Structures are given as structure tokens and as C-alpha cells.
>>> print(open('protein.cif').read())   # mmCIF, C-alpha atoms and all ligand atoms
data_query
#
loop_
_atom_site.label_atom_id
_atom_site.label_comp_id
_atom_site.auth_asym_id
_atom_site.auth_seq_id
_atom_site.Cartn_x
_atom_site.Cartn_y
_atom_site.Cartn_z
CA MET X 9 119.84 59.39 104.34
CA GLY X 10 117.63 60.98 101.72
CA LEU X 11 114.91 59.11 99.88
CA LEU X 12 116.76 59.21 96.59
CA ASP X 13 119.94 57.68 98.00
CA LYS X 14 117.82 54.84 99.28
CA GLU X 15 116.41 54.21 95.88
CA PHE X 16 119.87 53.78 94.41
CA ASN X 17 121.05 51.52 97.23
CA ASP X 18 118.05 49.22 97.52
CA GLY X 19 117.05 48.59 93.91
CA ASN X 20 113.84 50.19 92.85
CA ILE X 21 111.84 49.82 96.01
CA VAL X 22 111.58 52.56 98.55
CA ILE X 23 109.90 51.86 101.82
CA THR X 24 109.13 54.89 103.86
CA LYS X 25 106.60 56.44 106.14
CA THR X 26 103.83 58.57 104.63
CA GLU X 27 104.92 61.35 106.90
CA ASP X 28 108.49 61.26 105.61
CA LEU X 29 107.35 61.08 102.02
CA LEU X 30 105.05 64.07 102.38
CA ASN X 31 107.65 66.06 104.24
CA TRP X 32 110.29 65.20 101.67
CA ALA X 33 108.04 66.29 98.85
CA ARG X 34 107.11 69.50 100.60
CA LEU X 35 110.59 70.55 101.53
CA SER X 36 112.05 69.74 98.13
CA SER X 37 109.80 72.06 96.17
CA LEU X 38 109.25 75.12 98.25
CA TRP X 39 107.77 77.61 95.85
CA GLN X 40 108.21 81.06 97.21
CA LEU X 41 105.75 83.83 96.50
CA SER X 42 107.68 86.20 94.30
CA PHE X 43 107.16 89.33 96.29
CA GLY X 44 109.61 91.87 97.65
CA LEU X 45 109.12 94.83 99.93
CA ALA X 46 112.24 96.92 100.43
CA CYS X 47 116.05 96.82 100.33
CA CYS X 48 116.10 93.23 101.63
CA ALA X 49 114.30 92.18 98.46
CA ILE X 50 117.44 93.01 96.49
CA GLU X 51 119.37 90.41 98.50
CA MET X 52 116.52 87.96 98.04
CA MET X 53 116.75 88.45 94.28
CA ALA X 54 120.51 87.97 94.46
CA ALA X 55 119.90 84.72 96.32
CA SER X 56 117.61 83.56 93.53
CA ALA X 57 120.06 84.48 90.78
CA SER X 58 122.73 82.21 89.37
CA HIS X 59 125.45 82.88 91.91
CA TYR X 60 123.53 81.59 94.94
CA ASP X 61 120.94 79.68 92.91
CA LEU X 62 118.01 78.95 95.23
CA ASP X 63 116.68 76.74 92.45
CA ARG X 64 119.02 73.93 93.50
CA PHE X 65 116.92 73.55 96.67
CA GLY X 66 113.72 73.51 94.66
CA ILE X 67 112.92 77.07 95.68
CA ILE X 68 111.56 79.02 92.75
CA PRO X 69 109.59 82.24 92.65
CA ARG X 70 105.91 81.83 91.86
CA PRO X 71 104.00 84.98 91.00
CA THR X 72 100.69 83.92 92.50
CA PRO X 73 99.86 83.22 96.14
CA ARG X 74 97.50 80.42 95.06
CA GLN X 75 100.43 78.28 94.01
CA ALA X 76 103.04 79.34 96.55
CA ASP X 77 104.22 77.42 99.61
CA VAL X 78 106.38 79.97 101.33
CA ILE X 79 106.26 83.73 101.56
CA ILE X 80 109.52 85.54 102.28
CA ILE X 81 108.76 88.86 103.92
CA SER X 82 111.78 90.64 102.53
CA GLY X 83 111.84 94.12 103.96
CA THR X 84 110.01 96.90 105.70
CA VAL X 85 106.33 96.18 106.28
CA THR X 86 104.53 99.49 106.46
CA LEU X 87 101.19 99.76 108.21
CA LYS X 88 99.59 100.38 104.84
CA MET X 89 101.18 97.20 103.48
CA ALA X 90 100.40 95.06 106.54
CA SER X 91 96.83 94.35 105.52
CA ARG X 92 98.01 93.45 102.01
CA VAL X 93 100.65 91.09 103.38
CA LYS X 94 98.01 89.46 105.52
CA ARG X 95 95.72 89.05 102.55
CA LEU X 96 98.50 87.49 100.45
CA TYR X 97 99.19 85.06 103.26
CA GLU X 98 95.53 84.16 103.54
CA GLN X 99 95.35 83.47 99.81
CA MET X 100 98.08 80.85 99.99
CA PRO X 101 96.92 77.23 100.27
CA ASP X 102 97.96 75.10 103.24
CA PRO X 103 100.59 74.01 104.12
CA LYS X 104 102.19 77.42 104.04
CA TYR X 105 105.28 78.87 105.62
CA VAL X 106 106.59 82.32 106.39
CA VAL X 107 110.22 83.44 106.44
CA SER X 108 110.77 86.85 107.95
CA MET X 109 113.88 88.32 106.33
CA GLY X 110 115.82 91.18 107.89
CA SER X 111 115.51 93.37 110.97
CA CYS X 112 112.58 95.32 109.55
CA SER X 113 110.19 92.45 109.26
CA ASN X 114 111.60 90.80 112.40
CA SER X 115 111.06 93.77 114.67
CA GLY X 116 110.77 97.06 112.82
CA GLY X 117 114.54 97.35 112.28
CA PRO X 118 115.86 100.91 111.98
CA TYR X 119 112.29 102.18 112.36
CA TRP X 120 111.54 100.39 115.60
CA ASN X 121 111.10 103.60 117.58
CA TYR X 122 110.57 106.58 115.31
CA GLY X 123 108.93 104.94 112.31
CA TYR X 124 105.39 106.25 112.44
CA HIS X 125 104.58 104.18 109.37
CA VAL X 126 106.26 100.84 110.09
CA LEU X 127 104.79 97.66 111.49
CA LYS X 128 107.08 96.59 114.35
CA GLY X 129 107.52 93.02 113.23
CA VAL X 130 105.51 91.10 110.67
CA ASP X 131 104.64 88.54 113.37
CA ARG X 132 102.03 91.03 114.54
CA VAL X 133 99.91 90.11 111.53
CA ILE X 134 100.99 86.63 110.37
CA PRO X 135 102.72 83.68 112.09
CA VAL X 136 106.42 83.41 111.26
CA ASP X 137 108.37 80.14 110.94
CA VAL X 138 111.93 81.36 110.53
CA TYR X 139 113.49 84.72 111.36
CA VAL X 140 116.61 85.70 109.42
CA PRO X 141 118.55 88.48 111.15
CA GLY X 142 120.55 91.15 109.35
CA CYS X 143 120.12 94.49 107.67
CA PRO X 144 120.06 93.22 105.02
CA PRO X 145 120.94 89.55 105.56
CA ARG X 146 123.45 88.28 103.01
CA PRO X 147 122.13 85.72 100.53
CA GLU X 148 123.99 83.04 102.53
CA ALA X 149 121.98 84.02 105.58
CA LEU X 150 118.72 83.73 103.67
CA LEU X 151 119.86 80.36 102.37
CA GLU X 152 120.56 79.25 105.90
CA GLY X 153 117.10 80.42 106.91
CA LEU X 154 115.50 78.44 104.12
CA LEU X 155 117.54 75.36 105.03
CA LYS X 156 116.32 75.77 108.59
CA LEU X 157 112.78 75.89 107.24
CA GLN X 158 113.43 72.66 105.32
CA GLU X 159 114.70 71.11 108.53
CA LYS X 160 111.54 72.22 110.28
CA ILE X 161 109.38 70.67 107.57
CA ARG X 162 111.42 67.45 107.69
CA HIS X 163 110.35 66.93 111.28
CA GLU X 164 106.70 67.79 110.87
CA LYS X 165 104.11 65.35 112.18
CA LEU X 166 100.95 64.43 110.33
CA THR X 167 99.10 64.32 113.60
CA LYS X 168 100.11 67.77 114.66
CA GLN X 169 98.90 70.69 112.66
CA THR X 170 101.50 73.38 112.17
CA ALA X 171 100.43 76.06 109.76
CA MET P 30 121.46 135.44 85.77
CA LYS P 31 120.08 137.28 88.77
CA THR P 32 120.94 137.07 92.45
CA SER P 33 118.26 136.46 95.05
CA GLU P 34 118.47 140.10 96.06
CA GLU P 35 117.79 141.33 92.53
CA ILE P 36 114.86 138.94 92.25
CA TYR P 37 113.56 140.17 95.58
CA ASN P 38 113.68 143.76 94.36
CA ILE P 39 111.89 142.90 91.13
CA LEU P 40 109.16 141.08 93.04
CA LYS P 41 108.79 143.84 95.58
CA GLU P 42 108.40 146.45 92.90
CA LYS P 43 105.78 144.37 91.14
CA PHE P 44 103.73 143.16 94.14
CA GLY P 45 104.50 145.53 97.01
CA GLU P 46 105.13 144.98 100.70
CA GLU P 47 101.75 143.36 101.33
CA VAL P 48 102.73 140.32 99.29
CA ILE P 49 106.51 140.16 99.41
CA LEU P 50 106.99 140.25 103.15
CA ASN P 51 110.66 139.94 103.87
CA PHE P 52 114.10 139.09 102.55
CA ASN P 53 115.87 136.73 104.89
CA THR P 54 119.63 136.35 104.51
CA ALA P 55 120.22 134.72 107.87
CA GLU P 56 120.31 131.17 106.44
CA PRO P 57 123.80 130.02 105.49
CA ILE P 58 123.16 128.85 101.92
CA ASP P 59 120.08 130.35 100.34
CA ALA P 60 118.59 133.74 100.92
CA ILE P 61 114.86 133.32 101.40
CA ILE P 62 112.10 135.53 100.08
CA GLU P 63 109.06 135.43 102.31
CA VAL P 64 105.73 135.64 100.54
CA ASN P 65 102.14 136.03 101.62
CA PRO P 66 100.53 132.54 101.51
CA SER P 67 97.36 133.80 99.86
CA LYS P 68 99.33 135.37 96.98
CA ILE P 69 101.98 132.74 96.34
CA ASN P 70 100.16 131.56 93.20
CA GLU P 71 100.31 135.02 91.62
CA VAL P 72 103.96 135.45 92.56
CA SER P 73 104.78 132.03 91.13
CA LYS P 74 102.99 132.75 87.89
CA PHE P 75 104.98 135.95 87.54
CA LEU P 76 108.24 134.12 88.30
CA ARG P 77 107.46 131.60 85.58
CA ASP P 78 106.22 133.97 82.91
CA SER P 79 108.40 137.01 83.36
CA GLU P 80 110.86 137.46 80.50
CA GLU P 81 113.77 138.35 82.77
CA LEU P 82 113.19 135.59 85.35
CA LYS P 83 111.81 132.55 83.48
CA PHE P 84 111.59 130.17 86.43
CA ASP P 85 110.42 127.19 84.43
CA THR P 86 111.14 124.50 87.03
CA LEU P 87 110.02 123.90 90.57
CA MET P 88 112.79 121.72 91.93
CA LEU P 89 111.23 121.11 95.30
CA LEU P 90 108.32 122.06 97.47
CA SER P 91 108.52 121.01 101.09
CA GLY P 92 106.57 121.52 104.26
CA VAL P 93 108.28 122.39 107.53
CA ASP P 94 106.98 122.49 111.08
CA ASP P 95 108.58 125.59 112.58
CA ALA P 96 107.56 124.48 116.10
CA ASN P 97 107.66 128.11 117.22
CA GLY P 98 104.44 128.03 119.21
CA THR P 99 104.02 127.45 122.94
CA LYS P 100 104.47 123.92 124.21
CA VAL P 101 101.58 122.78 126.37
CA LYS P 102 101.50 119.59 128.42
CA ASP P 103 98.19 117.91 129.12
CA GLU P 104 97.40 115.76 132.18
CA ASN P 105 99.02 112.67 130.57
CA GLU P 106 102.34 114.54 130.06
CA ILE P 107 101.73 114.57 126.31
CA GLU P 108 103.15 117.72 124.80
CA THR P 109 101.36 119.62 122.08
CA ILE P 110 102.34 122.82 120.34
CA GLN P 111 99.82 125.65 120.19
CA GLY P 112 100.13 128.68 117.99
CA GLY P 113 103.13 129.39 115.79
CA THR P 114 103.43 128.53 112.14
CA LEU P 115 103.89 125.84 109.55
CA SER P 116 105.92 126.80 106.49
CA VAL P 117 106.22 125.75 102.89
CA TYR P 118 109.48 126.22 101.00
CA TYR P 119 109.68 126.53 97.22
CA HIS P 120 112.98 125.98 95.43
CA CYS P 121 112.71 127.29 91.91
CA HIS P 122 115.20 127.02 89.09
CA SER P 123 115.39 128.52 85.65
CA MET P 124 116.75 126.01 83.16
CA GLU P 125 117.09 128.69 80.55
CA ILE P 126 118.82 131.39 82.56
CA GLY P 127 120.38 129.21 85.21
CA HIS P 128 119.46 131.08 88.36
CA LYS P 129 117.71 129.84 91.46
CA VAL P 130 115.51 131.28 94.14
CA THR P 131 113.98 130.08 97.39
CA LEU P 132 110.58 131.23 98.56
CA ARG P 133 108.86 130.65 101.86
CA VAL P 134 105.31 131.06 103.04
CA SER P 135 104.32 130.73 106.68
CA THR P 136 100.82 129.94 107.74
CA PRO P 137 99.20 129.61 111.19
CA ARG P 138 99.40 126.14 112.68
CA GLU P 139 95.75 125.99 113.69
CA ASN P 140 94.41 126.68 110.19
CA PRO P 141 97.22 126.23 107.67
CA GLN P 142 96.10 127.41 104.25
CA VAL P 143 98.28 128.18 101.25
CA GLN P 144 97.36 128.86 97.65
CA SER P 145 98.29 125.97 95.39
CA VAL P 146 100.90 126.42 92.67
CA GLU P 147 100.04 123.10 91.07
CA ARG P 148 98.59 124.76 87.95
CA ILE P 149 101.80 126.75 87.49
CA TRP P 150 104.38 124.02 87.94
CA ARG P 151 102.92 120.53 87.54
CA ALA P 152 105.73 119.18 89.72
CA ALA P 153 103.98 120.80 92.66
CA ASP P 154 101.01 118.43 92.39
CA TRP P 155 102.42 115.49 94.35
CA HIS P 156 104.72 117.67 96.45
CA GLU P 157 101.72 119.55 97.76
CA ARG P 158 99.92 116.30 98.42
CA GLU P 159 102.93 115.18 100.44
CA ALA P 160 103.03 118.40 102.46
CA PHE P 161 99.31 117.94 103.09
CA ASP P 162 99.84 114.31 104.08
CA MET P 163 102.69 115.00 106.49
CA PHE P 164 101.79 118.43 107.92
CA GLY P 165 98.11 118.94 107.18
CA ILE P 166 98.74 122.10 105.16
CA LYS P 167 95.71 122.78 102.97
CA PHE P 168 96.54 123.91 99.46
CA LEU P 169 93.64 125.95 98.17
CA ASN P 170 92.54 125.25 94.59
CA HIS P 171 94.55 122.05 94.34
CA HIS P 172 92.55 119.78 92.04
CA ASP P 173 93.07 116.56 93.99
CA LEU P 174 94.31 117.14 97.53
CA ARG P 175 94.40 113.62 98.98
CA ARG P 176 96.93 111.81 101.13
CA ILE P 177 99.73 110.44 99.00
CA LEU P 178 101.76 108.16 101.30
CA MET P 179 99.81 107.41 104.46
CA PRO P 180 96.72 105.19 104.23
CA ASP P 181 93.49 106.95 103.31
CA ASP P 182 91.88 105.97 106.62
CA TRP P 183 94.74 107.45 108.67
CA GLY P 184 92.50 110.20 110.03
CA GLU P 185 93.41 113.75 111.03
CA ARG P 186 96.96 112.89 112.05
CA TYR P 187 100.01 114.43 110.45
CA PRO P 188 103.14 112.43 111.26
CA LEU P 189 105.87 114.99 110.55
CA ARG P 190 104.49 117.58 112.94
CA LYS P 191 106.81 117.94 115.90
CA ASP P 192 104.09 117.18 118.43
CA TYR P 193 102.88 114.05 116.64
CA VAL P 194 102.24 111.05 118.88
CA ASP P 195 101.83 107.52 117.53
CA PRO P 196 98.34 106.17 118.03
CA GLU P 197 98.13 102.91 119.99
CA TYR P 198 96.35 100.99 117.27
CA TYR P 199 95.73 101.21 113.56
CA ASN P 200 93.00 98.89 112.26
CA GLY P 201 93.59 96.55 115.18
CA ILE P 202 97.37 96.42 114.72
CA LYS P 203 99.41 97.61 117.67
CA ILE P 204 101.78 100.35 116.56
CA PRO P 205 104.31 101.19 119.34
CA TYR P 206 107.21 98.76 119.66
S1 LIG T 1 116.27 95.15 107.38
FE1 LIG T 1 117.63 96.74 106.56
S2 LIG T 1 118.03 96.09 104.45
FE2 LIG T 1 116.21 94.96 105.17
S3 LIG T 1 114.46 96.19 104.50
FE3 LIG T 1 114.98 96.82 106.59
S4 LIG T 1 116.35 98.58 106.31
FE4 LIG T 1 116.28 97.47 104.37
#
>>> encode(input="protein.cif", output="C-alpha cells")
Amino acid sequence: MGLLDKEFNDGNIVITKTEDLLNWARLSSLWQLSFGLACCAIEMMAASASHYDLDRFGIIPRPTPRQADVIIISGTVTLKMASRVKRLYEQMPDPKYVVSMGSCSNSGGPYWNYGYHVLKGVDRVIPVDVYVPGCPPRPEALLEGLLKLQEKIRHEKLTKQTA
Amino acid sequence: MKTSEEIYNILKEKFGEEVILNFNTAEPIDAIIEVNPSKINEVSKFLRDSEELKFDTLMLLSGVDDANGTKVKDENEIETIQGGTLSVYYHCHSMEIGHKVTLRVSTPRENPQVQSVERIWRAADWHEREAFDMFGIKFLNHHDLRRILMPDDWGERYPLRKDYVDPEYYNGIKIPY
């Protein structure tokens, strides 16, 4: 049962654990760094637009890493871009999360063998929370990935550092 | 409108056999005029300015590794190519007259040097930088011959050469899968 349902059932008083409250707040307003890399970014934009409407999960694009909670690596990470991706990640405040979207950022994708310029998986430079497979993943798949991330955050422990 | 053969004859009359090396009709689509790499700038200028040719556009300039040298294996079974040539292809088009022509220059693999045509067709600027980036072909008199796609600290490695081998690491990042 979500926190809000409780409020409506039990009058105006909500009793909860700090952990749950923090997790609930975090997972309900995941601001994504508005940042796209390759063809997958087109699907990410489609997921943000009215038809799939990421906004209903509290996920909105934020054009600065200083105020973003999650970075969606949407596409091919070239070796030249890898250091920039890493820097963007480092500029985000904790707690921060990474969704790797599409085969390219999962493992190099179509360039896994002959791409002289492609990083074979973004997890070689930053830690990834959720991998979304596909080339490109449909917006539904990205949504599923983000819901999985919310699930992950819901079960976070204060005593155990994750990011 | 002129055919490639007529253009070849015009060029040969103007520049002679030293500069206009060969007329190659073996390729299925375009006949190719082979030009001396140290004179390609003069030929291009003539192509652009001549009243009867008026090649005002360079559609495309691309580097090619001909891989026609001898393949040598070192003790680690890594194959390199020695000798042979790298080529640059020029696809020119005349907007006004409507004819096209393809030129080629070939230059030795060990010291690839070609005159730049960047001052003649501005489109050649970035195309030459790309050919330099991918094949290491040096375009003489280019005003700004830097890498265009690969990182600046990539070193003396040219990824579209046929004997290119991925380095193990780039700035501490492992490259092979
Ligand atoms: S996974 Fe496919 S769609 Fe996504 S960036 Fe790579 S090539 Fe493009």
C-alpha cells in the first residue's frame, strides 16, 4: 500500500519508517538528466512525450547534472564520449542512479567487435543499476526499466550505502 | 555535358602524361582519371575554372586503403601491410553543366602525401580532415589538418587502415570486448 492511500484511509496521520518515507520520496520524483547519445535517445524522447508520458511517474528531464537523480545512458558511448559521461555522472549529487538503455550502452551492441571507437558497455566507466535490452528498446521497455529502478529504490536500506 | 573520356582528353592535353597518369574504365560505374598526387590542386583548379568544364562542386572526397602491399606477420601473429598505396577519390559535379567526373590519386602507404584542394572547394576541408583522421593521409597546404572524429590524444593510429589493430587500453579504459 502506498503512503498516499494510507493517508486517505487513516485520517490525516501517516505513520511510517524514515527509510520508507525517504525511499518513497526518492522514487516518486526521479529527475533524469536530459541527455541523449544516439538512436536510443529518440525512443527515450518518445517515452517522455505525451503518448507514454514519463511525467506520470515523476520522471522529468532536468538539463543540469547538479539537479538530476538518474542518468539514462541512451545510446552508443564512444571512447571520446566515455570521459564526458563519467564527468556528468560525477557531477550528479548522491543518491544517483544509472539506467543503461539499449545494446550499445549495455555491451557495445552492433559495434561489440569491429567498433574501433565504441566503449563496450558503459559499466566500464560508471556503475549501472538497471540494464534495458533492445536495439532500440521500445518506450514500454524503458518504462519497465524505470519501474524496476523504482522497485530497487523502494527496497533500499538506510544502513547500506548503494550509490 | 562531357563524358569522362572527353574530360580526360582535355586534361591530358592541358597537363600532359606526367600529371594525368591513366584513364581507368575497369570500374563498373564511374571511369576514373588517375592524377599525380602532387599536382591534384592544379588539376582541380583547372576543373573548377575552365569555361567548358565548370566543376563547381566537390560532392565527395574519400580515402581508401588499397591494401595492395605485402602482408607481413610479426612474432605475435599480428599482420601488418608494408608497401602499396593509399588512395583518395574525388567525385566532382558541375551544377551548371550537369556532368560528373571521378578522380583518384594514389600515394605510398609509408609516407602518404597529397596536395590539398581545400582552397579550391571548401567542402574538401572536413573531408580531408576525415581522410587524415582515418587513414593518416597528409594533405599538404591544408590550413588546419587536425583529427575530426577520433579524440585528439588518439596517437598515430588510423582506424580505417586494413591492418589496424585495436589498442588494449585508451586512457585506462579497456577497449576490446
Ligand atoms: S542499441 Fe541500437 S538503437 Fe540503441 S544506440 Fe545502439 S544501435 Fe542505436
>>> residues_near_ligand(input="protein.cif", ligand="ligand LIG 1 (chain T)", cutoff="9 Å", atoms="all atoms listed in the file", output="list in words")
Leu45, Ala46, Cys47, Cys48, Ala49, Ile50, Glu51, Ser82, Gly83, Thr84, Val85, Met109, Gly110, Ser111, Cys112, Ser113, Asn114, Gly116, Gly117, Pro118, Tyr119, Pro141, Gly142, Cys143, Pro144 and Pro145 of chain X
>>> residues_around(input="protein.cif", residues="X:Thr26", least_positions_apart="5", cutoff="12 Å", atoms="only C-alpha atoms", output="number ranges by chain")
X: 31-33, 164-167
>>> closest_atom_pairs(input="protein.cif", of="chain X", to="chain P", cutoff="7 Å", atoms="only C-alpha atoms", output="tab-separated table")
residue	atom	partner	partner_atom	distance
X:Lys88	CA	P:Pro180	CA	5.6
X:Trp120	CA	P:Tyr206	CA	6.2
X:Asn121	CA	P:Tyr206	CA	6.5
X:Tyr124	CA	P:Asp195	CA	6.3
X:Leu127	CA	P:Ile204	CA	6.5
X:Lys128	CA	P:Tyr206	CA	5.7
>>> axis_aligned_box(input="protein.cif", around="stretch 24-42 of chain X", padding_each_side="5 Å", output="AutoDock Vina command-line options")
--center_x 107.9 --center_y 70.5 --center_z 100.6 --size_x 18.2 --size_y 41.3 --size_z 22.6
>>> residues_near_point(input="protein.cif", point="(107.7, 128.2, 104.6)", cutoff="7 Å", atoms="all atoms listed in the file", output="list in words")
Gly92, Val93, Leu115, Ser116, Val117, Tyr118, Arg133, Val134 and Ser135 of chain P
>>> atom_distance(input="protein.cif", atom1="atom CA of P:Glu106", atom2="atom CA of P:Glu139")
21.0 Å
>>> build_atoms(input="protein.cif", residues="stretch 61-81 of chain X", atoms="N, CA, C and O atoms", output="PDB file, keeping the file's coordinate frame")
ATOM      1  N   ASP X  61     121.730  80.730  93.548  1.00  0.00           N
ATOM      2  CA  ASP X  61     120.940  79.680  92.910  1.00  0.00           C
ATOM      3  C   ASP X  61     120.011  78.941  93.872  1.00  0.00           C
ATOM      4  O   ASP X  61     120.200  77.761  94.160  1.00  0.00           O
ATOM      5  N   LEU X  62     118.995  79.607  94.357  1.00  0.00           N
ATOM      6  CA  LEU X  62     118.010  78.950  95.230  1.00  0.00           C
ATOM      7  C   LEU X  62     117.340  77.767  94.542  1.00  0.00           C
ATOM      8  O   LEU X  62     116.842  76.858  95.206  1.00  0.00           O
ATOM      9  N   ASP X  63     117.341  77.783  93.221  1.00  0.00           N
ATOM     10  CA  ASP X  63     116.680  76.740  92.450  1.00  0.00           C
ATOM     11  C   ASP X  63     117.197  75.349  92.804  1.00  0.00           C
ATOM     12  O   ASP X  63     116.473  74.364  92.750  1.00  0.00           O
ATOM     13  N   ARG X  64     118.474  75.261  93.207  1.00  0.00           N
ATOM     14  CA  ARG X  64     119.020  73.930  93.500  1.00  0.00           C
ATOM     15  C   ARG X  64     118.375  73.314  94.732  1.00  0.00           C
ATOM     16  O   ARG X  64     118.514  72.117  94.973  1.00  0.00           O
ATOM     17  N   PHE X  65     117.670  74.113  95.545  1.00  0.00           N
ATOM     18  CA  PHE X  65     116.920  73.550  96.670  1.00  0.00           C
ATOM     19  C   PHE X  65     115.441  73.407  96.329  1.00  0.00           C
ATOM     20  O   PHE X  65     114.616  73.180  97.200  1.00  0.00           O
ATOM     21  N   GLY X  66     115.121  73.601  95.073  1.00  0.00           N
ATOM     22  CA  GLY X  66     113.720  73.510  94.660  1.00  0.00           C
ATOM     23  C   GLY X  66     112.921  74.749  94.996  1.00  0.00           C
ATOM     24  O   GLY X  66     111.705  74.725  94.990  1.00  0.00           O
ATOM     25  N   ILE X  67     113.622  75.838  95.318  1.00  0.00           N
ATOM     26  CA  ILE X  67     112.920  77.070  95.680  1.00  0.00           C
ATOM     27  C   ILE X  67     112.864  77.973  94.462  1.00  0.00           C
ATOM     28  O   ILE X  67     113.891  78.482  94.023  1.00  0.00           O
ATOM     29  N   ILE X  68     111.668  78.119  93.897  1.00  0.00           N
ATOM     30  CA  ILE X  68     111.560  79.020  92.750  1.00  0.00           C
ATOM     31  C   ILE X  68     110.470  80.035  93.034  1.00  0.00           C
ATOM     32  O   ILE X  68     109.528  79.771  93.764  1.00  0.00           O
ATOM     33  N   PRO X  69     110.620  81.225  92.461  1.00  0.00           N
ATOM     34  CA  PRO X  69     109.590  82.240  92.650  1.00  0.00           C
ATOM     35  C   PRO X  69     108.319  81.900  91.880  1.00  0.00           C
ATOM     36  O   PRO X  69     108.397  81.414  90.748  1.00  0.00           O
ATOM     37  N   ARG X  70     107.190  82.134  92.488  1.00  0.00           N
ATOM     38  CA  ARG X  70     105.910  81.830  91.860  1.00  0.00           C
ATOM     39  C   ARG X  70     105.062  83.084  91.981  1.00  0.00           C
ATOM     40  O   ARG X  70     104.794  83.538  93.098  1.00  0.00           O
ATOM     41  N   PRO X  71     104.638  83.673  90.880  1.00  0.00           N
ATOM     42  CA  PRO X  71     104.000  84.980  91.000  1.00  0.00           C
ATOM     43  C   PRO X  71     102.539  84.958  91.429  1.00  0.00           C
ATOM     44  O   PRO X  71     101.838  85.927  91.228  1.00  0.00           O
ATOM     45  N   THR X  72     102.049  83.882  91.972  1.00  0.00           N
ATOM     46  CA  THR X  72     100.690  83.920  92.500  1.00  0.00           C
ATOM     47  C   THR X  72     100.642  83.242  93.856  1.00  0.00           C
ATOM     48  O   THR X  72     101.232  82.190  94.045  1.00  0.00           O
ATOM     49  N   PRO X  73      99.943  83.834  94.816  1.00  0.00           N
ATOM     50  CA  PRO X  73      99.860  83.220  96.140  1.00  0.00           C
ATOM     51  C   PRO X  73      99.126  81.879  96.111  1.00  0.00           C
ATOM     52  O   PRO X  73      99.366  81.038  96.967  1.00  0.00           O
ATOM     53  N   ARG X  74      98.273  81.663  95.121  1.00  0.00           N
ATOM     54  CA  ARG X  74      97.500  80.420  95.060  1.00  0.00           C
ATOM     55  C   ARG X  74      98.386  79.208  94.860  1.00  0.00           C
ATOM     56  O   ARG X  74      97.983  78.099  95.145  1.00  0.00           O
ATOM     57  N   GLN X  75      99.564  79.409  94.297  1.00  0.00           N
ATOM     58  CA  GLN X  75     100.430  78.280  94.010  1.00  0.00           C
ATOM     59  C   GLN X  75     101.754  78.388  94.743  1.00  0.00           C
ATOM     60  O   GLN X  75     102.733  77.778  94.357  1.00  0.00           O
ATOM     61  N   ALA X  76     101.785  79.167  95.817  1.00  0.00           N
ATOM     62  CA  ALA X  76     103.040  79.340  96.550  1.00  0.00           C
ATOM     63  C   ALA X  76     102.978  78.595  97.875  1.00  0.00           C
ATOM     64  O   ALA X  76     101.910  78.403  98.449  1.00  0.00           O
ATOM     65  N   ASP X  77     104.142  78.138  98.333  1.00  0.00           N
ATOM     66  CA  ASP X  77     104.220  77.420  99.610  1.00  0.00           C
ATOM     67  C   ASP X  77     104.810  78.272 100.704  1.00  0.00           C
ATOM     68  O   ASP X  77     104.551  78.068 101.873  1.00  0.00           O
ATOM     69  N   VAL X  78     105.696  79.178 100.308  1.00  0.00           N
ATOM     70  CA  VAL X  78     106.380  79.970 101.330  1.00  0.00           C
ATOM     71  C   VAL X  78     106.389  81.429 100.897  1.00  0.00           C
ATOM     72  O   VAL X  78     106.513  81.747  99.714  1.00  0.00           O
ATOM     73  N   ILE X  79     106.187  82.299 101.857  1.00  0.00           N
ATOM     74  CA  ILE X  79     106.260  83.730 101.560  1.00  0.00           C
ATOM     75  C   ILE X  79     107.450  84.292 102.341  1.00  0.00           C
ATOM     76  O   ILE X  79     107.574  84.053 103.545  1.00  0.00           O
ATOM     77  N   ILE X  80     108.370  84.923 101.615  1.00  0.00           N
ATOM     78  CA  ILE X  80     109.520  85.540 102.280  1.00  0.00           C
ATOM     79  C   ILE X  80     109.213  87.018 102.446  1.00  0.00           C
ATOM     80  O   ILE X  80     109.083  87.739 101.467  1.00  0.00           O
ATOM     81  N   ILE X  81     109.043  87.449 103.679  1.00  0.00           N
ATOM     82  CA  ILE X  81     108.760  88.860 103.920  1.00  0.00           C
ATOM     83  C   ILE X  81     110.098  89.583 103.887  1.00  0.00           C
ATOM     84  O   ILE X  81     110.814  89.638 104.871  1.00  0.00           O
TER      85      ILE X  81
END
